[in-house]
Amino acid sequence: MNIIVCIKQVPDTSEVRINPETNTLIREGVPSIINPYDLHAIEAGLQIREKTGGKVTVITMGPPQAEKALRDAVSMGADEVRLISDRAFAGADTWATSYALYKAIDKIGYDIILCGKQAIDGDTAQVGPEVAEFLNIPHIAYVRKIDGLENGRVKVQRLMDDGYDVVESSLPVLMTVVKEINTPRLPSLKGKMAAKKAVITVMDLNAIGAEEENVGLKGSPTQVRNIFAPQIRANRKMLEGSADEQVEALIKELRGLKCVLS
Amino acid sequence: MRIIINTEKCTGCEQCIESCPYTALEIKGGKAFINEYCEFCKACLSTCPEGAIVEIEDDYRDKAELAEYLAAHRGVWIFAEQRDAKIASVAYELLGAGRRLADELKTELSAVLFGASGDEAKELISWGADKVYHCGDAIFNTFNDEPYAQLLATLIKQYKPEIVLAGATPIGRSFIPRVAARLRTGLTADCTALEIDKETGNLLQIRPAFGGNIMATILCPNYRPQLATVRPRVMKRMEADPGRTGEIVAVDAVNLTCRTKVIETLKEASECMANLQEAEVIISGGRGMSNAKGFAMLEELAGLLGGAVAASRAAVDEGWIPYSHQVGQTGKTVCPKVYIACGISGAVQHLVGMQSSDIIIAINKNPEAPIFNVATYGIVGDVNEVVPMLIRKLKEAKQ
Ligand SMILES: Cc1cc2nc3c(=O)[nH]c(=O)nc-3n(C[C@H](O)[C@H](O)[C@H](O)COP(=O)(O)OP(=O)(O)OC[C@H]3O[C@@H](n4cnc5c(N)ncnc54)[C@H](O)[C@@H]3O)c2cc1C
Ligand SMILES: Nc1ncnc2c1ncn2[C@@H]1O[C@H](COP(=O)(O)O)[C@@H](O)[C@H]1O
């Protein structure tokens, strides 16, 4: 079984803020991490390998520094890694990212492709399904449990708004996973050693066989026009007096609303 | 578009370096240099005191050809999602948003409905659609990405709308990307506002990024249609008008492939979810509730007010209440008449999920808590004192 896991290196978003005066991102020492959902995708890949045998290849498209994310994946137990990197890939939106990943994945070979539900920098959740479309294979998004994998078919639980669907698919298939699916393992000592020694194979534009006009900024249909700080509606009205008086005042206000106190 | 350094103007002052979220700026040979980390986010542009960082437009398409291509696309479409043959509420919100955009562009608003019956199609007209493309084929009784994506892409190719909106729901966010890939066009996820650029007629797609810390305006100027998924519960529906007339275009399901199969659809203790979406009153608790017992108190208050209980992520992370109750960026967006925030600080990720509520009441012991900035009524006090008092007084008031 050839399992490919797509991971992305992202800034730890809980710390990214905007400077309200200059409208620019403040990024003092924001660390780069593997997108948290992708850790669950790696774990899912490793668990499948443990059941069915085969090979887990972890890939990422990003700048040379994204190598760190791949080493972390090796330390968790990935068999192989590929860094899809070329200046031509810079500035890619989800269409162009998916296109480059598709070209690379097609070269590597696959039975199961795993992605995180979404990346926490863009929060788009689009790359997985787009890759599946380019590869012309089915996909199942928001997978929270893999119930079965045999005879060239998978059976999984797909999270929906009002519960979940049990969905079956033929292989090859792409799945995007949510956090509920598993608990990612921590790197083992052996893994850490392997990570240090791992050879990171880089695939550039040529190696994936993509056309320049379909990747990077050039290949991207969308453009970011501007960024700004979220606007918060401000209509601060504080109730006054002791706690008792404030609660009285509140009840008086609530009485005015039909839906609350009738 | 590209970002370049005008090395003649650059003084190597390093002021731009810190502004880059991707560490794409370095100093090389005494001048700023943009490395391959650059994501073209433009964060650096305004930081240069010399104006040495500039954005330049590259034209990848022939101007006349592009103008013709763009002009060939007219009309606004919304995808009306259904589950169990019932139209999802986000579809009505999309009709509201779509109507406004179509009127501004002086064009038609159409809805696309896969599955369900002609009655539902008619319903969409009364809520604002001029036309409904309806395919009632049984293949759409359950949700499978491939046939959904194939038929929608086929219809778009045939009728060439300029804008297509879908709900940012598990369904919309799963299959619309396939449509975008197929049609070679841009897709903006989870928009919270949509506007038309007066000058160009392009759709300005506004959405949160970086976990809600930042908002971005996204454009898709050179490709059509402009595809976007829209976050449920942020757009306003119009009033339904049963007298509205429109056209229903029946569509056949031909040449669809489907390699996935839905074996079973299970509804989970969805009571709270349905409640949160429909509740007129929501009582929400945060870390300030201190423990699960605090939430029992909120349950009681909710019972008195006929409301539902929600929570901040901090409270969910503490395990005081299940994730399905979480409101905010990574939880639900709600829009009740009254939202009572108890012991919630009001982090931006929480605010995005509830700030369009009609009336917000905040109870917090810290008068500086940002939640008070959005509060219609603020009470500074300890929830352990205020909430029981509120419960007691409400009980008295009811007698
Ligand atoms: C990518 C990302 C996504 C996120 N998504 C969400 C999301 O969907 N929803 C969400 O809510 N958060 C989300 N967060 C987390 C968010 O940033 C905050 O950490 C969270 O909302 C804080 O919850 P809180 O207000 O309950 O806790 P705190 O920030 O700890 O605030 C507790 C408040 O309670 C008050 N308090 C304490 N004791 C009492 C008392 N006895 N009486 C009265 N007041 C008291 C304190 O003054 C304080 O203001 C997200 C964060 C990130 C990075
Ligand atoms: N540059 C990338 N390289 C590899 N995988 C990616 C990349 N970007 C996104 N992905 C995968 O696609 C998923 C969804 O990302 P997104 O559509 O950006 O929210 C992620 O969780 C990853 O699994």
# chains A, B, ... in the order shown; residues from 1 in each chain; ligands from 1
>>> residues_near_ligand(ligand="ligand 1", cutoff="8 Å", atoms="only C-alpha atoms and all ligand atoms", output="number ranges by chain")
A: 13-15, 120; B: 210-212, 285-290, 311-315, 326-332, 342-351, 353, 363-367, 369-371, 380-385
>>> residues_near_ligand(ligand="ligand 2", cutoff="9 Å", atoms="only C-alpha atoms and all ligand atoms", output="compact mmCIF listing (two decimals) with all heavy atoms, in the first residue's frame")
# COMPACT_ATOMS: atom_id res chain seq x y z
N VAL A 5 1.10 11.27 2.50
CA VAL A 5 0.51 12.25 3.41
C VAL A 5 1.01 13.64 3.01
O VAL A 5 2.21 13.85 2.86
CB VAL A 5 0.89 11.96 4.88
CG1 VAL A 5 0.18 12.94 5.81
CG2 VAL A 5 0.56 10.52 5.26
N CYS A 6 0.07 14.57 2.82
CA CYS A 6 0.44 15.94 2.47
C CYS A 6 0.46 16.78 3.74
O CYS A 6 -0.54 16.83 4.46
CB CYS A 6 -0.58 16.56 1.52
SG CYS A 6 -0.78 15.65 0.01
N ILE A 7 1.58 17.41 4.01
CA ILE A 7 1.62 18.26 5.20
C ILE A 7 2.06 19.68 4.82
O ILE A 7 2.68 19.89 3.79
CB ILE A 7 2.57 17.71 6.29
CG1 ILE A 7 4.03 17.76 5.85
CG2 ILE A 7 2.18 16.29 6.68
CD1 ILE A 7 5.02 17.50 6.99
N LYS A 8 1.73 20.61 5.66
CA LYS A 8 2.11 21.99 5.41
C LYS A 8 2.78 22.57 6.66
O LYS A 8 2.34 22.29 7.78
CB LYS A 8 0.86 22.81 5.06
CG LYS A 8 1.22 24.23 4.63
CD LYS A 8 0.01 25.02 4.20
CE LYS A 8 0.45 26.34 3.60
NZ LYS A 8 -0.67 27.24 3.33
N GLN A 9 3.81 23.35 6.42
CA GLN A 9 4.43 24.06 7.53
C GLN A 9 3.72 25.41 7.66
O GLN A 9 3.56 26.12 6.68
CB GLN A 9 5.91 24.27 7.24
CG GLN A 9 6.70 24.68 8.46
CD GLN A 9 8.17 24.91 8.13
OE1 GLN A 9 8.50 25.51 7.13
NE2 GLN A 9 9.04 24.42 9.01
N ASN A 35 1.28 21.88 10.47
CA ASN A 35 -0.15 22.14 10.63
C ASN A 35 -0.76 21.05 11.52
O ASN A 35 -0.63 19.86 11.21
CB ASN A 35 -0.78 22.14 9.23
CG ASN A 35 -2.26 22.35 9.29
OD1 ASN A 35 -2.76 23.14 10.08
ND2 ASN A 35 -2.98 21.61 8.45
N PRO A 36 -1.39 21.43 12.64
CA PRO A 36 -1.85 20.43 13.60
C PRO A 36 -2.71 19.31 13.00
O PRO A 36 -2.55 18.14 13.36
CB PRO A 36 -2.68 21.25 14.59
CG PRO A 36 -2.19 22.65 14.46
CD PRO A 36 -1.65 22.80 13.08
N TYR A 37 -3.60 19.64 12.08
CA TYR A 37 -4.44 18.60 11.47
C TYR A 37 -3.60 17.59 10.70
O TYR A 37 -3.96 16.42 10.57
CB TYR A 37 -5.47 19.21 10.53
CG TYR A 37 -6.50 20.06 11.24
CD1 TYR A 37 -6.39 21.45 11.25
CD2 TYR A 37 -7.55 19.47 11.93
CE1 TYR A 37 -7.34 22.23 11.90
CE2 TYR A 37 -8.50 20.24 12.58
CZ TYR A 37 -8.39 21.63 12.57
OH TYR A 37 -9.32 22.39 13.21
N ASP A 38 -2.45 18.06 10.17
CA ASP A 38 -1.62 17.17 9.36
C ASP A 38 -0.91 16.13 10.22
O ASP A 38 -0.55 15.06 9.73
CB ASP A 38 -0.60 17.99 8.55
CG ASP A 38 -1.29 18.99 7.63
OD1 ASP A 38 -2.53 18.92 7.51
OD2 ASP A 38 -0.60 19.84 7.04
N LEU A 39 -0.73 16.44 11.49
CA LEU A 39 -0.15 15.44 12.41
C LEU A 39 -1.11 14.25 12.50
O LEU A 39 -0.69 13.10 12.55
CB LEU A 39 0.07 16.03 13.80
CG LEU A 39 1.13 17.14 13.90
CD1 LEU A 39 1.15 17.70 15.32
CD2 LEU A 39 2.51 16.60 13.54
N ALA A 41 -3.11 13.38 10.12
CA ALA A 41 -3.03 12.69 8.82
C ALA A 41 -1.82 11.76 8.80
O ALA A 41 -1.91 10.62 8.33
CB ALA A 41 -2.94 13.72 7.69
N VAL A 58 5.72 11.17 3.09
CA VAL A 58 5.18 12.46 3.49
C VAL A 58 5.75 13.53 2.57
O VAL A 58 6.96 13.57 2.33
CB VAL A 58 5.52 12.76 4.96
CG1 VAL A 58 5.08 14.17 5.35
CG2 VAL A 58 4.85 11.74 5.87
N ILE A 59 4.86 14.36 2.04
CA ILE A 59 5.33 15.40 1.12
C ILE A 59 4.86 16.77 1.58
O ILE A 59 3.83 16.90 2.25
CB ILE A 59 4.84 15.15 -0.33
CG1 ILE A 59 3.32 15.30 -0.43
CG2 ILE A 59 5.27 13.78 -0.82
CD1 ILE A 59 2.79 15.30 -1.85
N THR A 60 5.63 17.77 1.25
CA THR A 60 5.17 19.12 1.49
C THR A 60 5.66 20.01 0.36
O THR A 60 6.73 19.78 -0.21
CB THR A 60 5.66 19.68 2.85
OG1 THR A 60 5.02 20.94 3.08
CG2 THR A 60 7.16 19.89 2.89
N MET A 61 4.85 20.97 0.00
CA MET A 61 5.31 21.98 -0.94
C MET A 61 5.61 23.22 -0.13
O MET A 61 4.75 23.70 0.63
CB MET A 61 4.24 22.30 -1.98
CG MET A 61 4.73 23.33 -2.98
SD MET A 61 3.47 23.76 -4.16
CE MET A 61 2.88 25.28 -3.45
N GLY A 62 6.81 23.75 -0.27
CA GLY A 62 7.15 24.92 0.51
C GLY A 62 8.59 25.33 0.24
O GLY A 62 9.28 24.70 -0.58
N LEU A 83 10.37 17.01 -0.63
CA LEU A 83 10.15 18.45 -0.51
C LEU A 83 9.90 18.99 -1.92
O LEU A 83 10.77 18.90 -2.79
CB LEU A 83 11.37 19.12 0.11
CG LEU A 83 11.33 20.65 0.20
CD1 LEU A 83 10.16 21.11 1.07
CD2 LEU A 83 12.64 21.19 0.76
N ILE A 84 8.70 19.50 -2.12
CA ILE A 84 8.36 20.03 -3.44
C ILE A 84 8.65 21.52 -3.39
O ILE A 84 7.93 22.28 -2.73
CB ILE A 84 6.89 19.73 -3.75
CG1 ILE A 84 6.69 18.22 -3.68
CG2 ILE A 84 6.49 20.27 -5.11
CD1 ILE A 84 5.29 17.81 -3.43
N ALA A 92 1.61 30.55 -4.33
CA ALA A 92 0.52 29.73 -4.86
C ALA A 92 -0.74 29.84 -4.02
O ALA A 92 -0.67 29.83 -2.80
CB ALA A 92 0.96 28.27 -4.92
N ASP A 93 -1.89 29.95 -4.64
CA ASP A 93 -3.16 29.84 -3.92
C ASP A 93 -3.57 28.36 -3.91
O ASP A 93 -2.77 27.50 -4.29
CB ASP A 93 -4.23 30.76 -4.53
CG ASP A 93 -4.75 30.29 -5.88
OD1 ASP A 93 -4.24 29.28 -6.41
OD2 ASP A 93 -5.69 30.93 -6.40
N THR A 94 -4.79 28.07 -3.48
CA THR A 94 -5.12 26.64 -3.33
C THR A 94 -5.13 25.93 -4.69
O THR A 94 -4.76 24.76 -4.77
CB THR A 94 -6.48 26.42 -2.64
OG1 THR A 94 -7.49 27.11 -3.36
CG2 THR A 94 -6.46 26.92 -1.22
N THR A 97 -1.44 25.38 -5.62
CA THR A 97 -0.84 24.43 -4.67
C THR A 97 -1.30 23.02 -5.01
O THR A 97 -0.50 22.09 -5.11
CB THR A 97 -1.27 24.76 -3.23
OG1 THR A 97 -0.85 26.09 -2.92
CG2 THR A 97 -0.65 23.79 -2.23
N SER A 98 -2.61 22.88 -5.21
CA SER A 98 -3.16 21.56 -5.50
C SER A 98 -2.60 21.01 -6.80
O SER A 98 -2.32 19.81 -6.91
CB SER A 98 -4.69 21.63 -5.62
OG SER A 98 -5.23 22.30 -4.52
N ALA A 100 0.33 21.61 -8.17
CA ALA A 100 1.72 21.16 -7.99
C ALA A 100 1.75 19.85 -7.20
O ALA A 100 2.50 18.92 -7.54
CB ALA A 100 2.54 22.24 -7.28
N LEU A 101 0.91 19.76 -6.16
CA LEU A 101 0.89 18.53 -5.36
C LEU A 101 0.43 17.36 -6.22
O LEU A 101 0.97 16.25 -6.14
CB LEU A 101 -0.04 18.69 -4.15
CG LEU A 101 0.46 19.64 -3.04
CD1 LEU A 101 -0.61 19.79 -1.96
CD2 LEU A 101 1.76 19.12 -2.42
N LEU A 114 -3.57 11.13 2.20
CA LEU A 114 -4.17 11.73 3.39
C LEU A 114 -3.77 13.18 3.52
O LEU A 114 -2.61 13.54 3.29
CB LEU A 114 -3.72 10.97 4.64
CG LEU A 114 -4.21 9.52 4.71
CD1 LEU A 114 -3.33 8.69 5.64
CD2 LEU A 114 -5.67 9.48 5.18
N CYS A 115 -4.74 14.02 3.86
CA CYS A 115 -4.47 15.43 4.11
C CYS A 115 -5.12 15.80 5.44
O CYS A 115 -6.02 15.09 5.91
CB CYS A 115 -5.13 16.31 3.04
SG CYS A 115 -4.34 16.24 1.43
N GLY A 116 -4.70 16.92 6.00
CA GLY A 116 -5.41 17.45 7.15
C GLY A 116 -6.72 18.06 6.67
O GLY A 116 -6.89 18.33 5.49
N LYS A 117 -7.63 18.27 7.60
CA LYS A 117 -8.90 18.89 7.24
C LYS A 117 -8.66 20.28 6.65
O LYS A 117 -9.24 20.65 5.64
CB LYS A 117 -9.74 19.00 8.51
CG LYS A 117 -10.91 19.96 8.40
CD LYS A 117 -11.58 20.13 9.76
CE LYS A 117 -11.76 21.60 10.08
NZ LYS A 117 -12.52 21.86 11.30
N GLN A 118 -7.80 21.04 7.26
CA GLN A 118 -7.47 22.35 6.73
C GLN A 118 -6.15 22.81 7.33
O GLN A 118 -5.69 22.26 8.32
CB GLN A 118 -8.58 23.37 7.04
CG GLN A 118 -8.80 23.64 8.51
CD GLN A 118 -10.04 24.50 8.73
OE1 GLN A 118 -11.09 24.24 8.17
NE2 GLN A 118 -9.92 25.52 9.54
N ALA A 119 -5.54 23.81 6.71
CA ALA A 119 -4.31 24.38 7.25
C ALA A 119 -4.70 25.58 8.10
O ALA A 119 -5.58 26.35 7.72
CB ALA A 119 -3.38 24.79 6.11
N ILE A 120 -4.06 25.75 9.25
CA ILE A 120 -4.52 26.79 10.17
C ILE A 120 -4.07 28.19 9.80
O ILE A 120 -4.43 29.15 10.46
CB ILE A 120 -4.13 26.50 11.64
CG1 ILE A 120 -2.61 26.42 11.78
CG2 ILE A 120 -4.79 25.24 12.15
CD1 ILE A 120 -2.14 26.47 13.22
N ASP A 121 -3.28 28.34 8.73
CA ASP A 121 -2.96 29.71 8.31
C ASP A 121 -4.06 30.25 7.41
O ASP A 121 -4.62 31.31 7.63
CB ASP A 121 -1.58 29.81 7.65
CG ASP A 121 -1.38 28.81 6.52
OD1 ASP A 121 -2.26 27.95 6.30
OD2 ASP A 121 -0.33 28.88 5.86
N GLY A 122 -4.41 29.47 6.38
CA GLY A 122 -5.46 29.92 5.47
C GLY A 122 -6.84 29.42 5.87
O GLY A 122 -7.85 29.99 5.48
N ASP A 123 -6.91 28.34 6.63
CA ASP A 123 -8.20 27.73 6.99
C ASP A 123 -9.09 27.45 5.78
O ASP A 123 -10.30 27.60 5.87
CB ASP A 123 -9.01 28.63 7.94
CG ASP A 123 -8.33 28.91 9.27
OD1 ASP A 123 -7.71 27.98 9.80
OD2 ASP A 123 -8.44 30.04 9.77
N THR A 124 -8.53 27.04 4.64
CA THR A 124 -9.43 26.90 3.49
C THR A 124 -10.05 25.51 3.36
O THR A 124 -11.17 25.38 2.89
CB THR A 124 -8.75 27.24 2.15
OG1 THR A 124 -8.02 26.13 1.69
CG2 THR A 124 -7.86 28.45 2.26
N ALA A 125 -9.30 24.47 3.71
CA ALA A 125 -9.80 23.10 3.54
C ALA A 125 -10.03 22.74 2.07
O ALA A 125 -10.84 21.88 1.76
CB ALA A 125 -11.07 22.87 4.36
N GLN A 126 -9.35 23.41 1.16
CA GLN A 126 -9.63 23.19 -0.25
C GLN A 126 -8.60 22.31 -0.97
O GLN A 126 -8.90 21.70 -1.99
CB GLN A 126 -9.70 24.55 -0.98
CG GLN A 126 -10.97 25.26 -0.62
CD GLN A 126 -11.07 26.71 -1.05
OE1 GLN A 126 -12.02 27.37 -0.68
NE2 GLN A 126 -10.12 27.21 -1.83
N VAL A 127 -7.38 22.29 -0.43
CA VAL A 127 -6.31 21.63 -1.17
C VAL A 127 -6.58 20.13 -1.36
O VAL A 127 -6.43 19.62 -2.47
CB VAL A 127 -4.94 21.88 -0.48
CG1 VAL A 127 -3.87 20.95 -1.04
CG2 VAL A 127 -4.53 23.34 -0.69
N GLY A 128 -7.03 19.45 -0.32
CA GLY A 128 -7.29 18.01 -0.44
C GLY A 128 -8.26 17.69 -1.59
O GLY A 128 -7.89 17.00 -2.55
N PRO A 129 -9.49 18.21 -1.51
CA PRO A 129 -10.45 17.92 -2.58
C PRO A 129 -9.98 18.34 -3.98
O PRO A 129 -10.25 17.66 -4.96
CB PRO A 129 -11.69 18.72 -2.16
CG PRO A 129 -11.59 18.83 -0.68
CD PRO A 129 -10.12 18.91 -0.38
N GLU A 130 -9.24 19.45 -4.05
CA GLU A 130 -8.76 19.88 -5.38
C GLU A 130 -7.73 18.88 -5.93
O GLU A 130 -7.74 18.56 -7.12
CB GLU A 130 -8.19 21.30 -5.33
CG GLU A 130 -9.26 22.35 -5.09
CD GLU A 130 -8.88 23.77 -5.56
OE1 GLU A 130 -8.14 23.91 -6.55
OE2 GLU A 130 -9.35 24.73 -4.93
N VAL A 131 -6.85 18.40 -5.06
CA VAL A 131 -5.86 17.41 -5.50
C VAL A 131 -6.58 16.17 -6.04
O VAL A 131 -6.24 15.63 -7.09
CB VAL A 131 -4.90 17.02 -4.35
CG1 VAL A 131 -4.07 15.80 -4.71
CG2 VAL A 131 -3.98 18.19 -3.98
N THR A 176 -9.41 13.62 3.82
CA THR A 176 -8.94 14.67 4.73
C THR A 176 -9.46 14.32 6.11
O THR A 176 -10.59 13.87 6.26
CB THR A 176 -9.40 16.08 4.32
OG1 THR A 176 -10.76 16.27 4.69
CG2 THR A 176 -9.23 16.33 2.83
N VAL A 177 -8.62 14.50 7.12
CA VAL A 177 -8.97 13.98 8.44
C VAL A 177 -9.16 15.10 9.47
O VAL A 177 -8.52 16.15 9.40
CB VAL A 177 -7.90 12.99 8.97
CG1 VAL A 177 -7.71 11.84 7.99
CG2 VAL A 177 -6.57 13.69 9.24
N ALA B 189 -12.60 30.51 0.46
CA ALA B 189 -13.29 29.70 1.46
C ALA B 189 -13.89 30.57 2.55
O ALA B 189 -13.30 31.56 2.96
CB ALA B 189 -12.32 28.71 2.09
>>> atom_distance(atom1="atom CA of Arg153 of chain A", atom2="atom CA of Ile263 of chain B")
13.0 Å
>>> closest_residue(among="B:Glu195, B:Glu36, B:Asp103, B:Glu162", to="Gly75 of chain B", atoms="only C-alpha atoms")
B:Glu162
>>> residues_around(residues="segment 117-123 of chain B", least_positions_apart="6", cutoff="10 Å", atoms="only C-alpha atoms", output="VMD selection string")
chain B and resid 80 82 85 to 87 92 111 129 131 to 137 240 to 242 244 to 250
>>> write_last_selection(atoms="N, CA and C atoms", output="compact mmCIF listing (two decimals), in the first residue's frame")
# COMPACT_ATOMS: atom_id res chain seq x y z
N ALA B 80 -27.96 25.70 -3.66
CA ALA B 80 -28.89 25.46 -2.55
C ALA B 80 -28.73 24.03 -2.07
N GLN B 82 -29.18 20.65 0.13
CA GLN B 82 -30.27 19.99 0.86
C GLN B 82 -29.74 18.76 1.58
N ALA B 85 -33.73 15.90 1.62
CA ALA B 85 -34.70 16.60 0.77
C ALA B 85 -35.19 17.91 1.37
N LYS B 86 -34.52 18.37 2.41
CA LYS B 86 -34.90 19.64 3.01
C LYS B 86 -33.80 20.66 2.75
N ILE B 87 -34.21 21.84 2.31
CA ILE B 87 -33.21 22.84 1.97
C ILE B 87 -32.54 23.38 3.23
N TYR B 92 -31.00 29.95 2.13
CA TYR B 92 -31.83 31.17 2.19
C TYR B 92 -30.95 32.39 2.44
N ALA B 111 -30.65 29.83 -8.60
CA ALA B 111 -30.27 28.86 -7.59
C ALA B 111 -30.10 27.51 -8.27
N ALA B 129 -34.86 33.82 -5.75
CA ALA B 129 -34.25 33.38 -7.01
C ALA B 129 -35.13 33.75 -8.20
N LYS B 131 -34.42 32.18 -11.12
CA LYS B 131 -34.39 30.94 -11.88
C LYS B 131 -33.85 29.85 -10.98
N VAL B 132 -34.35 28.63 -11.16
CA VAL B 132 -33.79 27.52 -10.39
C VAL B 132 -33.42 26.40 -11.35
N TYR B 133 -32.16 25.99 -11.35
CA TYR B 133 -31.74 24.82 -12.11
C TYR B 133 -31.91 23.64 -11.17
N HIS B 134 -32.86 22.76 -11.50
CA HIS B 134 -33.17 21.68 -10.57
C HIS B 134 -32.95 20.32 -11.20
N CYS B 135 -32.18 19.48 -10.52
CA CYS B 135 -32.04 18.09 -10.95
C CYS B 135 -32.53 17.23 -9.80
N GLY B 136 -33.64 16.57 -10.00
CA GLY B 136 -34.24 15.78 -8.91
C GLY B 136 -33.78 14.33 -8.91
N ASP B 137 -32.74 14.00 -9.69
CA ASP B 137 -32.30 12.61 -9.80
C ASP B 137 -31.96 11.99 -8.44
N ALA B 240 -39.50 36.08 2.72
CA ALA B 240 -40.03 35.24 1.65
C ALA B 240 -41.26 35.91 1.07
N ASP B 241 -41.42 35.81 -0.25
CA ASP B 241 -42.60 36.37 -0.90
C ASP B 241 -43.21 35.27 -1.77
N PRO B 242 -44.26 34.61 -1.26
CA PRO B 242 -44.85 33.48 -1.99
C PRO B 242 -45.37 33.89 -3.36
N ARG B 244 -43.76 35.75 -5.54
CA ARG B 244 -42.69 35.95 -6.52
C ARG B 244 -42.75 34.90 -7.61
N THR B 245 -42.45 35.28 -8.82
CA THR B 245 -42.45 34.30 -9.90
C THR B 245 -41.04 34.11 -10.43
N GLY B 246 -40.83 32.97 -11.03
CA GLY B 246 -39.52 32.66 -11.59
C GLY B 246 -39.63 31.41 -12.43
N GLU B 247 -38.50 31.01 -12.97
CA GLU B 247 -38.50 29.88 -13.90
C GLU B 247 -37.76 28.71 -13.28
N ILE B 248 -38.33 27.51 -13.46
CA ILE B 248 -37.60 26.32 -13.00
C ILE B 248 -37.10 25.56 -14.23
N VAL B 249 -35.79 25.39 -14.29
CA VAL B 249 -35.20 24.70 -15.43
C VAL B 249 -34.83 23.30 -14.98
N ALA B 250 -35.46 22.30 -15.58
CA ALA B 250 -35.16 20.92 -15.19
C ALA B 250 -33.86 20.48 -15.84
>>> closest_residue(among="A:Ile146, A:Leu46, A:Ala207, A:Met175", to="chain B", atoms="only C-alpha atoms")
A:Met175
>>> atom_distance(atom1="atom CA of Ile42 of chain A", atom2="atom CA of Ala73 of chain A")
7.4 Å
>>> select_by_dssp(residues="segment 55-223 of chain B", states="strand (DSSP E)", output="JSON, numbers by chain")
{"B": [55, 56, 76, 77, 78, 79, 80, 82, 83, 86, 87, 109, 110, 111, 112, 113, 114, 131, 132, 133, 134, 135, 163, 164, 165, 166, 167, 187, 188, 189, 190, 191, 193, 194, 195, 196, 203, 204, 205, 206, 207, 208, 209, 214, 215, 216, 217, 218, 219]}
>>> closest_residue(among="A:Pro31, A:Pro63, A:Gly241, A:Gly152", to="chain B", atoms="only C-alpha atoms")
A:Pro63
>>> residues_around(residues="Ser357 of chain B", least_positions_apart="4", cutoff="7 Å", atoms="only C-alpha atoms", output="short mmCIF file (atom, residue, chain, number, x, y, z; two decimals) with N, CA and C atoms, in the first residue's frame")
data_model
loop_
_atom_site.label_atom_id
_atom_site.label_comp_id
_atom_site.auth_asym_id
_atom_site.auth_seq_id
_atom_site.Cartn_x
_atom_site.Cartn_y
_atom_site.Cartn_z
N CYS B 335 -26.29 33.53 15.90
CA CYS B 335 -26.82 34.87 15.72
C CYS B 335 -28.18 34.97 16.43
N PRO B 336 -28.21 34.74 17.73
CA PRO B 336 -29.49 34.75 18.45
C PRO B 336 -29.94 36.19 18.74
N LYS B 337 -31.13 36.31 19.28
CA LYS B 337 -31.60 37.64 19.70
C LYS B 337 -30.80 38.10 20.91
N VAL B 338 -30.55 37.16 21.84
CA VAL B 338 -29.80 37.53 23.04
C VAL B 338 -28.67 36.52 23.28
N TYR B 339 -27.46 37.02 23.49
CA TYR B 339 -26.31 36.17 23.78
C TYR B 339 -25.75 36.61 25.12
#
>>> residues_around(residues="segment 39-52 of chain B", least_positions_apart="6", cutoff="7 Å", atoms="only C-alpha atoms", output="PyMOL selection string")
(chain A and resi 24-25+90-91+224) or (chain B and resi 3+5-6+9-10+15-16+19-20)
>>> residues_around(residues="Pro172 of chain A", least_positions_apart="4", cutoff="8 Å", atoms="only C-alpha atoms", output="JSON, numbers by chain")
{"A": [110, 111, 112, 113, 137, 138, 152]}
>>> write_last_selection(atoms="C-alpha atoms", output="JSON list (two decimals), in the first residue's frame")
[["chain", "number", "residue", "atom", "x", "y", "z"],
["A", 110, "TYR", "CA", -0.29, 6.18, -4.53],
["A", 111, "ASP", "CA", -3.16, 4.08, -3.20],
["A", 112, "ILE", "CA", -4.25, 6.32, -0.35],
["A", 113, "ILE", "CA", -3.61, 10.03, 0.05],
["A", 137, "ILE", "CA", -9.91, 9.99, -7.90],
["A", 138, "PRO", "CA", -12.70, 10.12, -5.30],
["A", 152, "GLY", "CA", -9.52, -2.32, -2.41]]
>>> atom_distance(atom1="atom CA of Glu93 of chain B", atom2="atom CA of Pro161 of chain B")
19.1 Å
